[in-house]
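Reproduced below: upload-v7.cif, with mmCIF, C-alpha atoms.
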```
data_target
#
loop_
_atom_site.label_atom_id
_atom_site.label_comp_id
_atom_site.auth_asym_id
_atom_site.auth_seq_id
_atom_site.Cartn_x
_atom_site.Cartn_y
_atom_site.Cartn_z
CA MET A 1 0.00 0.00 0.00
CA LYS A 2 1.20 3.48 -0.89
CA VAL A 3 -0.31 6.64 0.54
CA ARG A 4 -0.33 10.08 -1.08
CA ILE A 5 -1.56 13.26 0.53
CA ASP A 6 -2.71 16.51 -1.03
CA VAL A 7 -1.78 19.21 1.46
CA ASP A 8 -3.29 21.84 -0.82
CA ALA A 9 -6.72 20.19 -0.50
CA CYS A 10 -6.36 19.36 3.23
CA VAL A 11 -8.71 21.27 5.52
CA GLY A 12 -7.04 20.21 8.77
CA ALA A 13 -10.03 18.27 10.03
CA GLY A 14 -7.83 15.75 11.79
CA GLN A 15 -10.16 12.87 10.96
CA CYS A 16 -7.21 10.92 9.54
CA VAL A 17 -5.32 11.24 12.82
CA LEU A 18 -8.33 9.99 14.74
CA ALA A 19 -8.69 7.04 12.35
CA ALA A 20 -5.01 6.12 11.89
CA PRO A 21 -2.74 7.90 14.40
CA ASP A 22 0.27 5.77 13.43
CA VAL A 23 0.06 6.91 9.80
CA PHE A 24 -1.06 10.53 9.98
CA ASP A 25 -0.38 13.58 12.11
CA GLN A 26 -1.18 17.30 11.88
CA ARG A 27 1.22 20.23 11.68
CA ASP A 28 1.30 22.29 14.85
CA ASP A 29 0.81 25.68 13.22
CA ASP A 30 -2.03 25.13 10.76
CA GLY A 31 -3.28 21.61 11.36
CA MET A 32 -2.43 20.41 7.86
CA VAL A 33 -1.86 16.69 7.37
CA VAL A 34 1.56 15.14 7.86
CA LEU A 35 2.19 11.68 6.43
CA LEU A 36 4.19 9.64 8.94
CA VAL A 37 4.38 6.40 6.95
CA GLU A 38 4.28 6.37 3.17
CA ASN A 39 3.96 2.59 2.92
CA PRO A 40 1.90 1.45 5.92
CA PRO A 41 2.50 -2.13 7.06
CA ALA A 42 -0.30 -4.68 6.68
CA HIS A 43 -1.73 -4.19 10.16
CA LEU A 44 -2.31 -0.48 9.47
CA GLU A 45 -3.86 -0.86 6.01
CA ALA A 46 -7.48 -1.05 7.13
CA ALA A 47 -7.15 2.02 9.35
CA THR A 48 -5.39 3.90 6.55
CA GLU A 49 -8.16 3.11 4.08
CA HIS A 50 -10.74 4.18 6.63
CA ALA A 51 -8.90 7.48 7.07
CA ALA A 52 -8.94 8.06 3.31
CA LEU A 53 -12.67 7.40 3.17
CA LEU A 54 -13.40 9.66 6.13
CA CYS A 55 -11.33 12.63 4.94
CA PRO A 56 -13.88 15.39 4.22
CA ALA A 57 -11.47 17.05 1.77
CA LEU A 58 -10.54 13.93 -0.25
CA ALA A 59 -6.92 14.78 0.51
CA ILE A 60 -5.73 11.18 0.98
CA VAL A 61 -5.23 8.77 -1.89
CA VAL A 62 -4.42 5.13 -1.23
CA ASP A 63 -2.91 2.97 -3.96
CA ARG A 64 -2.84 -0.77 -3.42
CA MET B 1 -31.72 -6.79 5.61
CA GLU B 2 -32.79 -10.14 4.18
CA ASN B 3 -33.30 -10.54 0.44
CA LEU B 4 -31.32 -7.43 -0.32
CA GLU B 5 -30.46 -7.68 -3.98
CA ARG B 6 -31.21 -4.25 -5.44
CA VAL B 7 -30.17 -1.03 -3.72
CA VAL B 8 -31.21 2.32 -5.15
CA VAL B 9 -29.49 5.44 -3.80
CA VAL B 10 -31.30 8.65 -4.71
CA GLY B 11 -28.87 11.54 -4.56
CA ALA B 12 -25.40 11.32 -6.14
CA SER B 13 -23.42 13.62 -3.91
CA ALA B 14 -21.15 12.88 -0.94
CA ALA B 15 -23.68 10.91 1.15
CA GLY B 16 -24.98 8.87 -1.78
CA VAL B 17 -21.55 8.03 -3.18
CA THR B 18 -20.24 7.05 0.25
CA THR B 19 -23.24 4.79 0.84
CA ALA B 20 -22.74 3.03 -2.49
CA GLU B 21 -19.00 2.54 -1.96
CA THR B 22 -19.41 1.34 1.61
CA LEU B 23 -21.94 -1.26 0.48
CA ARG B 24 -19.28 -2.69 -1.83
CA ARG B 25 -16.54 -2.47 0.75
CA GLU B 26 -18.73 -4.41 3.16
CA GLY B 27 -19.16 -7.15 0.59
CA PHE B 28 -22.56 -6.41 -0.95
CA THR B 29 -22.72 -8.12 -4.35
CA GLY B 30 -26.19 -7.11 -5.55
CA SER B 31 -26.97 -4.20 -7.87
CA ILE B 32 -26.42 -0.58 -6.86
CA THR B 33 -27.99 2.29 -8.79
CA LEU B 34 -26.98 5.82 -7.93
CA VAL B 35 -29.51 8.39 -9.15
CA GLY B 36 -28.58 12.08 -9.45
CA ASP B 37 -30.55 15.01 -10.83
CA GLU B 38 -27.41 16.81 -12.07
CA LYS B 39 -25.65 15.73 -15.27
CA ALA B 40 -22.17 16.17 -13.83
CA LEU B 41 -20.26 13.28 -12.30
CA PRO B 42 -20.60 13.32 -8.50
CA TYR B 43 -18.59 16.19 -7.05
CA ASP B 44 -17.78 17.76 -3.73
CA ARG B 45 -19.59 20.91 -2.61
CA PRO B 46 -17.43 22.60 0.09
CA PRO B 47 -14.84 23.85 -2.46
CA LEU B 48 -17.56 25.58 -4.49
CA SER B 49 -17.83 28.56 -2.16
CA LYS B 50 -14.07 28.54 -1.52
CA GLN B 51 -11.54 27.41 -4.15
CA VAL B 52 -13.93 27.31 -7.14
CA LEU B 53 -15.45 30.72 -6.46
CA ALA B 54 -11.99 32.17 -5.92
CA GLY B 55 -10.78 30.60 -9.18
CA ALA B 56 -8.03 28.58 -7.49
CA TRP B 57 -9.53 25.24 -8.61
CA GLU B 58 -11.00 24.12 -11.91
CA PRO B 59 -14.35 22.38 -11.37
CA GLU B 60 -12.83 18.99 -12.38
CA ARG B 61 -10.81 19.04 -9.20
CA THR B 62 -13.98 18.77 -7.12
CA LEU B 63 -14.94 15.32 -8.50
CA LEU B 64 -15.58 12.91 -5.64
CA ARG B 65 -14.12 9.97 -7.57
CA PRO B 66 -12.54 9.50 -10.98
CA ASP B 67 -14.96 8.43 -13.71
CA SER B 68 -13.60 4.86 -13.71
CA ALA B 69 -14.29 4.28 -9.99
CA TYR B 70 -18.01 3.65 -10.56
CA LEU B 71 -17.50 1.07 -13.29
CA ASP B 72 -14.70 -0.58 -11.31
CA GLN B 73 -16.96 -0.98 -8.29
CA GLY B 74 -20.07 -1.99 -10.20
CA ILE B 75 -21.99 1.12 -9.21
CA GLY B 76 -24.55 2.09 -11.84
CA LEU B 77 -24.96 5.83 -12.44
CA THR B 78 -28.23 7.36 -13.59
CA LEU B 79 -27.34 11.04 -13.87
CA GLY B 80 -29.40 13.97 -15.10
CA SER B 81 -32.63 12.42 -13.80
CA ALA B 82 -34.45 13.45 -10.67
CA ALA B 83 -36.55 11.09 -8.60
CA THR B 84 -40.15 12.28 -8.88
CA ALA B 85 -42.12 9.80 -6.77
CA LEU B 86 -41.76 6.87 -4.39
CA ASP B 87 -44.15 3.91 -4.11
CA LEU B 88 -43.41 2.21 -0.79
CA ALA B 89 -45.83 -0.67 -1.37
CA ARG B 90 -44.46 -1.60 -4.79
CA ARG B 91 -40.92 -0.59 -3.82
CA THR B 92 -40.34 1.55 -6.87
CA VAL B 93 -38.88 4.99 -7.54
CA ALA B 94 -40.14 7.01 -10.53
CA LEU B 95 -37.64 9.18 -12.37
CA SER B 96 -38.03 12.33 -14.44
CA ASN B 97 -36.77 10.45 -17.52
CA GLY B 98 -39.87 8.24 -17.33
CA GLU B 99 -38.08 5.21 -15.91
CA GLU B 100 -39.29 3.34 -12.87
CA ILE B 101 -36.73 1.40 -10.86
CA GLY B 102 -37.42 -1.26 -8.27
CA TYR B 103 -35.50 -1.65 -5.04
CA ASP B 104 -35.15 -3.91 -2.05
CA GLY B 105 -33.28 -1.22 -0.16
CA LEU B 106 -33.63 2.53 -0.78
CA VAL B 107 -31.35 5.29 0.43
CA ILE B 108 -32.65 8.86 0.33
CA ALA B 109 -29.71 11.26 -0.03
CA THR B 110 -31.28 14.11 -1.98
CA GLY B 111 -29.70 16.86 0.09
CA THR B 112 -31.11 20.34 0.22
CA ARG B 113 -32.17 23.15 -2.08
CA PRO B 114 -31.29 26.77 -1.52
CA ARG B 115 -33.98 28.88 0.08
CA GLU B 116 -34.92 31.87 -2.08
CA LEU B 117 -36.20 35.35 -1.39
CA PRO B 118 -39.89 35.77 -2.24
CA PHE B 119 -38.89 38.21 -5.00
CA GLY B 120 -36.16 39.09 -7.45
CA HIS B 121 -34.83 35.70 -8.53
CA ASP B 122 -35.99 36.33 -12.11
CA LEU B 123 -33.46 39.18 -12.43
CA ALA B 124 -30.10 38.49 -14.10
CA GLY B 125 -27.25 38.76 -11.62
CA VAL B 126 -29.25 37.22 -8.75
CA HIS B 127 -27.74 33.93 -7.66
CA VAL B 128 -28.04 31.06 -5.25
CA LEU B 129 -25.14 28.65 -4.63
CA ARG B 130 -25.56 24.92 -4.31
CA THR B 131 -24.34 23.28 -7.50
CA VAL B 132 -21.17 23.52 -9.57
CA ASP B 133 -23.21 25.27 -12.29
CA ASP B 134 -24.35 27.79 -9.68
CA ALA B 135 -20.73 28.39 -8.63
CA LEU B 136 -19.47 28.90 -12.20
CA ALA B 137 -22.35 31.22 -13.09
CA LEU B 138 -21.76 33.26 -9.94
CA ARG B 139 -18.01 33.43 -10.56
CA GLY B 140 -18.61 34.57 -14.14
CA ASP B 141 -20.78 37.43 -12.94
CA LEU B 142 -18.42 38.32 -10.07
CA LEU B 143 -15.55 38.80 -12.50
CA ARG B 144 -17.54 41.62 -14.12
CA SER B 145 -19.05 43.01 -10.92
CA ALA B 146 -18.67 46.54 -9.67
CA SER B 147 -20.67 45.96 -6.50
CA THR B 148 -21.77 42.67 -4.99
CA VAL B 149 -24.31 42.14 -2.23
CA VAL B 150 -24.42 38.87 -0.28
CA VAL B 151 -27.71 38.29 1.49
CA GLY B 152 -27.32 36.04 4.52
CA ALA B 153 -24.30 35.83 6.84
CA GLY B 154 -24.29 32.11 7.60
CA PHE B 155 -21.49 29.77 6.52
CA LEU B 156 -22.15 30.08 2.81
CA GLY B 157 -22.69 33.85 2.84
CA THR B 158 -19.60 34.65 4.90
CA GLU B 159 -17.41 32.31 2.83
CA ALA B 160 -18.70 33.74 -0.45
CA ALA B 161 -18.26 37.31 0.80
CA ALA B 162 -14.65 36.51 1.70
CA ALA B 163 -14.02 34.88 -1.69
CA ALA B 164 -15.55 37.87 -3.52
CA ARG B 165 -13.49 40.29 -1.47
CA LEU B 166 -10.34 38.34 -2.29
CA LEU B 167 -11.24 38.88 -5.96
CA GLY B 168 -10.99 42.58 -5.16
CA LEU B 169 -14.70 43.30 -5.34
CA ASP B 170 -16.80 45.82 -3.49
CA VAL B 171 -18.81 43.51 -1.21
CA THR B 172 -21.65 44.18 1.20
CA LEU B 173 -22.90 41.42 3.51
CA VAL B 174 -26.49 41.80 4.76
CA ASP B 175 -28.20 39.84 7.54
CA PRO B 176 -31.18 40.51 9.82
CA LEU B 177 -29.28 39.17 12.85
CA PRO B 178 -26.88 41.51 14.67
CA LEU B 179 -23.68 39.59 13.77
CA PRO B 180 -22.49 37.09 11.15
CA LEU B 181 -22.73 33.44 12.25
CA VAL B 182 -24.16 34.51 15.61
CA ARG B 183 -26.80 31.79 15.57
CA GLN B 184 -24.09 29.20 14.97
CA PHE B 185 -21.42 30.32 17.44
CA GLY B 186 -22.74 32.99 19.81
CA ASP B 187 -21.82 36.66 20.33
CA ARG B 188 -18.10 36.53 21.06
CA VAL B 189 -16.97 34.37 18.16
CA ALA B 190 -19.45 36.15 15.88
CA SER B 191 -17.98 39.56 16.87
CA THR B 192 -14.53 38.26 16.00
CA ILE B 193 -15.81 37.09 12.61
CA ALA B 194 -17.41 40.51 12.06
CA SER B 195 -14.11 42.27 12.85
CA LEU B 196 -12.23 40.00 10.46
CA HIS B 197 -14.63 40.80 7.62
CA GLU B 198 -14.60 44.53 8.30
CA GLU B 199 -10.81 44.67 8.44
CA ARG B 200 -10.65 42.89 5.11
CA GLY B 201 -13.00 45.42 3.58
CA VAL B 202 -16.37 43.68 3.59
CA GLN B 203 -19.11 46.18 4.38
CA LEU B 204 -21.38 44.65 7.00
CA ARG B 205 -25.05 45.62 7.15
CA THR B 206 -26.42 43.57 10.01
CA GLY B 207 -29.66 43.89 11.93
CA VAL B 208 -31.52 44.78 8.75
CA SER B 209 -33.41 42.76 6.15
CA VAL B 210 -33.86 42.94 2.41
CA ALA B 211 -37.11 44.65 1.37
CA ALA B 212 -36.79 44.41 -2.41
CA LEU B 213 -34.45 43.78 -5.31
CA HIS B 214 -34.49 46.48 -7.98
CA GLY B 215 -33.70 46.29 -11.67
CA GLU B 216 -35.09 45.92 -15.17
CA GLY B 217 -34.12 42.50 -16.48
CA ALA B 218 -30.92 42.59 -14.46
CA VAL B 219 -30.48 43.49 -10.81
CA SER B 220 -29.32 47.04 -10.11
CA GLY B 221 -29.83 47.42 -6.39
CA VAL B 222 -30.88 45.94 -3.06
CA GLU B 223 -33.35 47.88 -0.94
CA LEU B 224 -33.09 47.27 2.79
CA THR B 225 -35.94 47.52 5.31
CA ASP B 226 -34.38 50.69 6.79
CA GLY B 227 -34.78 52.37 3.38
CA THR B 228 -31.14 52.13 2.28
CA LEU B 229 -30.62 51.34 -1.38
CA LEU B 230 -27.40 49.43 -2.02
CA PRO B 231 -26.21 49.47 -5.63
CA ALA B 232 -25.59 45.91 -6.81
CA ASP B 233 -24.95 44.18 -10.11
CA VAL B 234 -24.49 40.79 -8.44
CA VAL B 235 -26.58 39.48 -5.55
CA LEU B 236 -25.94 36.15 -3.87
CA VAL B 237 -28.89 34.93 -1.83
CA ALA B 238 -27.49 32.65 0.90
CA ILE B 239 -30.37 32.44 3.35
CA GLY B 240 -30.27 28.76 4.12
CA ALA B 241 -31.49 25.57 2.55
CA MET B 242 -34.50 23.29 2.65
CA PRO B 243 -34.43 19.50 2.55
CA ALA B 244 -35.17 18.26 -0.97
CA THR B 245 -38.15 16.10 -0.04
CA GLY B 246 -40.79 17.31 -2.51
CA TRP B 247 -40.69 14.01 -4.39
CA LEU B 248 -41.66 12.14 -1.20
CA THR B 249 -44.96 14.01 -0.71
CA GLY B 250 -47.77 11.51 -0.19
CA SER B 251 -45.39 8.53 -0.24
CA GLY B 252 -45.85 7.66 3.42
CA VAL B 253 -42.22 8.38 4.29
CA PRO B 254 -42.30 10.67 7.33
CA VAL B 255 -41.11 14.17 6.40
CA ASP B 256 -40.75 17.05 8.86
CA ASP B 257 -37.82 19.35 8.11
CA GLY B 258 -36.11 16.39 6.46
CA VAL B 259 -36.74 12.67 6.30
CA VAL B 260 -37.50 11.63 9.87
CA CYS B 261 -35.52 8.54 10.86
CA ASP B 262 -34.86 6.41 13.90
CA ALA B 263 -31.41 6.10 15.47
CA THR B 264 -30.31 3.67 12.73
CA CYS B 265 -31.30 6.24 10.06
CA GLN B 266 -34.25 4.11 8.95
CA ALA B 267 -37.37 6.00 7.82
CA ALA B 268 -39.60 3.14 6.66
CA ASP B 269 -39.29 -0.56 5.89
CA GLY B 270 -36.20 -0.89 3.69
CA VAL B 271 -35.83 2.90 3.44
CA TYR B 272 -32.95 4.86 4.96
CA ALA B 273 -31.75 8.46 4.69
CA ALA B 274 -28.27 10.01 4.80
CA GLY B 275 -26.69 13.44 4.56
CA ASP B 276 -28.27 16.90 4.62
CA VAL B 277 -31.78 15.52 4.05
CA ALA B 278 -31.82 13.11 7.01
CA ARG B 279 -33.30 14.07 10.37
CA TRP B 280 -32.50 11.22 12.69
CA PHE B 281 -32.41 10.52 16.41
CA ASN B 282 -28.81 11.03 17.53
CA PRO B 283 -28.45 9.12 20.80
CA HIS B 284 -25.21 10.96 21.61
CA PHE B 285 -27.13 14.21 22.06
CA GLY B 286 -30.54 12.72 22.84
CA GLY B 287 -32.61 14.39 20.14
CA LEU B 288 -33.58 14.58 16.49
CA MET B 289 -30.82 16.17 14.48
CA ARG B 290 -30.33 17.25 10.87
CA VAL B 291 -26.78 18.21 9.96
CA GLU B 292 -25.89 20.13 6.80
CA HIS B 293 -22.17 19.52 7.03
CA ARG B 294 -19.77 17.64 4.79
CA MET B 295 -18.38 15.27 7.40
CA ASN B 296 -21.84 14.07 8.30
CA ALA B 297 -22.55 13.09 4.71
CA THR B 298 -19.62 10.67 4.77
CA GLU B 299 -20.22 9.27 8.23
CA GLN B 300 -23.95 8.87 7.78
CA GLY B 301 -23.50 7.28 4.34
CA MET B 302 -21.20 4.68 5.91
CA ALA B 303 -23.63 4.04 8.76
CA VAL B 304 -26.61 3.65 6.44
CA ALA B 305 -24.77 1.17 4.21
CA ARG B 306 -23.90 -0.99 7.21
CA ASN B 307 -27.43 -0.80 8.60
CA LEU B 308 -28.92 -1.72 5.23
CA LEU B 309 -26.76 -4.84 5.42
CA GLY B 310 -28.21 -5.67 8.83
CA ALA B 311 -25.85 -4.07 11.37
CA ARG B 312 -28.67 -2.12 13.13
CA ILE B 313 -26.14 0.20 14.82
CA PRO B 314 -27.38 3.56 16.12
CA PHE B 315 -25.69 6.47 14.33
CA ALA B 316 -24.27 8.58 17.14
CA PRO B 317 -21.62 10.92 15.73
CA VAL B 318 -20.09 14.02 17.21
CA PRO B 319 -20.74 16.45 14.31
CA TYR B 320 -17.65 18.09 12.81
CA PHE B 321 -17.56 21.09 10.52
CA TRP B 322 -15.24 23.79 9.35
CA THR B 323 -15.23 27.08 7.51
CA ASP B 324 -12.40 28.95 5.79
CA GLN B 325 -12.65 32.73 5.51
CA PHE B 326 -9.67 34.91 4.67
CA ASP B 327 -6.89 33.55 6.90
CA ALA B 328 -9.29 32.06 9.45
CA LYS B 329 -9.77 28.32 9.65
CA ILE B 330 -12.62 27.78 12.06
CA GLN B 331 -13.40 24.20 13.02
CA ALA B 332 -15.90 22.76 15.42
CA TYR B 333 -17.02 19.50 16.96
CA GLY B 334 -20.34 18.95 18.66
CA VAL B 335 -23.36 21.20 19.02
CA PHE B 336 -23.62 24.91 19.83
CA PRO B 337 -27.01 25.67 21.39
CA ALA B 338 -27.86 29.33 21.96
CA GLU B 339 -27.97 28.87 25.75
CA ALA B 340 -24.48 27.37 25.91
CA GLU B 341 -21.79 29.23 27.84
CA MET B 342 -18.62 29.83 25.82
CA VAL B 343 -15.24 29.70 27.54
CA VAL B 344 -11.89 30.30 25.83
CA VAL B 345 -9.61 27.54 27.12
CA HIS B 346 -6.51 27.80 24.91
CA GLY B 347 -5.06 30.86 23.20
CA GLU B 348 -6.71 34.26 22.90
CA LEU B 349 -9.86 35.35 21.11
CA ALA B 350 -8.28 38.72 20.26
CA GLU B 351 -5.30 37.01 18.64
CA ARG B 352 -7.63 34.87 16.54
CA LYS B 353 -5.90 31.72 17.65
CA PHE B 354 -7.91 29.92 20.28
CA VAL B 355 -9.99 26.93 21.32
CA ALA B 356 -13.30 27.58 23.05
CA HIS B 357 -15.51 25.13 24.88
CA TYR B 358 -19.29 25.46 24.87
CA LEU B 359 -20.97 24.29 28.06
CA ALA B 360 -24.61 23.43 28.59
CA HIS B 361 -25.94 22.07 31.88
CA GLY B 362 -22.41 21.78 33.18
CA ARG B 363 -21.03 19.60 30.40
CA VAL B 364 -19.04 20.32 27.25
CA VAL B 365 -21.34 19.97 24.23
CA GLY B 366 -19.14 21.67 21.64
CA VAL B 367 -15.54 22.72 21.05
CA LEU B 368 -14.50 25.35 18.54
CA GLY B 369 -11.03 26.13 17.26
CA TRP B 370 -9.84 29.17 15.33
CA ASN B 371 -6.49 28.51 13.63
CA MET B 372 -5.73 25.89 16.29
CA ALA B 373 -6.55 22.59 14.61
CA ARG B 374 -4.28 20.26 16.51
CA GLN B 375 -5.36 21.42 19.95
CA LEU B 376 -8.99 21.28 18.88
CA ARG B 377 -8.74 17.64 17.85
CA GLN B 378 -7.32 16.80 21.25
CA ASP B 379 -10.24 18.59 22.97
CA ARG B 380 -12.85 16.69 20.96
CA GLN B 381 -12.78 13.89 23.51
CA LEU B 382 -14.10 16.27 26.18
CA ILE B 383 -17.54 16.37 24.57
CA SER B 384 -19.70 14.22 26.78
CA PRO B 385 -22.77 12.29 25.65
CA ALA B 386 -26.24 13.26 26.83
CA THR B 387 -26.47 10.09 28.88
CA ALA B 388 -23.54 11.19 31.04
CA GLY B 389 -25.36 14.33 32.21
#
```
For the structure just supplied, provide its representation as C-alpha cells.
Amino acid sequence: MKVRIDVDACVGAGQCVLAAPDVFDQRDDDGMVVLLVENPPAHLEAATEHAALLCPALAIVVDR
Amino acid sequence: MENLERVVVVGASAAGVTTAETLRREGFTGSITLVGDEKALPYDRPPLSKQVLAGAWEPERTLLRPDSAYLDQGIGLTLGSAATALDLARRTVALSNGEEIGYDGLVIATGTRPRELPFGHDLAGVHVLRTVDDALALRGDLLRSASTVVVGAGFLGTEAAAAARLLGLDVTLVDPLPLPLVRQFGDRVASTIASLHEERGVQLRTGVSVAALHGEGAVSGVELTDGTLLPADVVLVAIGAMPATGWLTGSGVPVDDGVVCDATCQAADGVYAAGDVARWFNPHFGGLMRVEHRMNATEQGMAVARNLLGARIPFAPVPYFWTDQFDAKIQAYGVFPAEAEMVVVHGELAERKFVAHYLAHGRVVGVLGWNMARQLRQDRQLISPATAG
C-alpha cells in the first residue's frame, strides 16, 4: 500500500489522525496533514483506508 | 436486511456516493444504482464557495471519484434524472426520464435546495449557490461586478463574501441578525468574525433585512428595510437551505424538516436516509438532528450502508464542521445551542488563535477552534454524551 496526501486540499479536520494515528499527524501551526508512513504495514492498512474514506477534503489517496 | 439484492441510492453527492462505496466495501454483491438530478459526475460541494469561487480550482478538481471508480466498483450511475415519486408498497422509484426502478433497499440522499427570497430571482445577476453550475455562473458574474451584495451571513454567505473580497470586489454582507454566524457560534466568536470581515474590507449591514431587489431585467440594487438602497450588479442569496423532499410528498415516508428517521437512520421498511436531508435521532445528544455539514454526509453514508446490510447500529456521531474565511480556519465539533456558555480555554480570542468550549448544563457539548486545529482535535474527547449528564 502506498499513501499520497494533497496538502493543498487538506482542511485540517484531523479525521485521519483519529482514524489512523500511526500513519497521519497534523502540523502544529495550521493543522495540515503530515504523512508519517508512506507505505503502511499490513496491520495499518485497514485504518489507513478508513482514514482516506473519512477525509472530508478527499486529501488522501491510497494505492494498493 | 434479508433478500437485499437491489439497492437504489437517490442523490449522487457525498452521502450517496459514500453509501454506495461502503456497500461494496462491506461485501454487498447485488446491484447498486446511484440516481442524481445533475448531469455532472458526482462532485464535492465545500470547495464551491471557496476554491472554485476564488478561481483557485477548476471544477474537475472537485470530483468525488474518478470516472472509472463507478465502473470498477459496479456502481450504476443514472445522472441527469431526478426522482419524482416513491411507491413504498411496490418498492419503486419514478424518475423524471420516465423510468421506474425497483429496489429492495432505498437510500434517500437528496440533500437540500437553496432557500430563495420571495422576489427578485428572475433578475439576471441574482444567484443562489448549491451546484457547480451555480458556482461557475456566480463566478462569471463576479468577474464583471462593480458591486456585490451577499444576502445572509451564515457559513455560505460569509465564505462567499470573503471569496468575492479576495477577488478585489466591493462587497456588502447583509443579515437581519446583529452579527455574522451569531446563531451558529454565539456573540463573542461572531464579533470576531465581524471584525475579520470589516478589516478585510467587507461592508457589513447587520440587523436589517432585504425589502426588495431592484432592476429591469438585471439586478441594479438591493433595498433594505431601513430604506437604504445598495447598488448591486451581483446578488448572492445565501439564506439557508430546505431538505429536498418534494418528491416524497404523499409517499408515506415521514417528512418534517427532512426525512425523519430512527437512530439507525431508517425511515420506513427498507428505506434509509443520509446526509443533509436526514433528520435522525442522535443518541449521543438525545434528540432529532439534521446536519448540513460535509463530514456528516460521509459518516452517515457509511452508517446507512452498514445498517442496510443488517448491522442495526445507532448512528451517534459528534458532528464536525469547518469554515475557511480569509486567513481564518474555524473548526468545530459537537453542538452549539444558543444557551451554551462559551469559555476560551486555549489561546486568545483577540489574537484569533484559540480553542473555546461550549458548556450546557455543566457539560461540554461543543468545542470550537480558530487557527488551532491540533489542539482542537485533542479537545474533541471532552464532549460528553447526553447520557452522562
With a distance threshold of 6 Å and counting all atoms listed in the file, extract the residues of chain B near chain A and express them as a count of residues only. 3
Residue nearest Tyr333 of chain B among B:Asp175, B:Asp379, B:Asp170, B:Asp122 (counting all atoms listed in the file): B:Asp379
If you measure from atom CA of Val260 of chain B to atom CA of Val35 of chain B, what distance in Å do you get, rounded to one decimal? 20.9 Å
Applying 10 Å and only C-alpha atoms, which residues near Val208 of chain B remain after dropping the ones on its own chain fewer than 3 positions away? List them as a list in words.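 Everything that qualifies: Val174, Asp175, Pro176, Leu177, Pro178, Arg205, Ala211, Leu224, Thr225, Asp226, Gly227 and Thr228 of chain B.
Counting all atoms listed in the file and comparing A:Val33, A:Val61, A:Ala51, A:Ala46, the residue that lies closest to Cys10 of chain A is A:Val33.
The spacing separating atom CA of Arg139 of chain B from atom CA of Phe326 of chain B amounts to 17.4 Å.
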Apply the PyMOL selection byres ((chain B and resi 33) around 10) to the displayed file and report the matching residues as a count of residues only. 20
Hey, can you check how far atom CA of Ala190 of chain B sits from atom CA of Val210 of chain B?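 For atom CA of Ala190 of chain B relative to atom CA of Val210 of chain B, the distance reads 20.9 Å.
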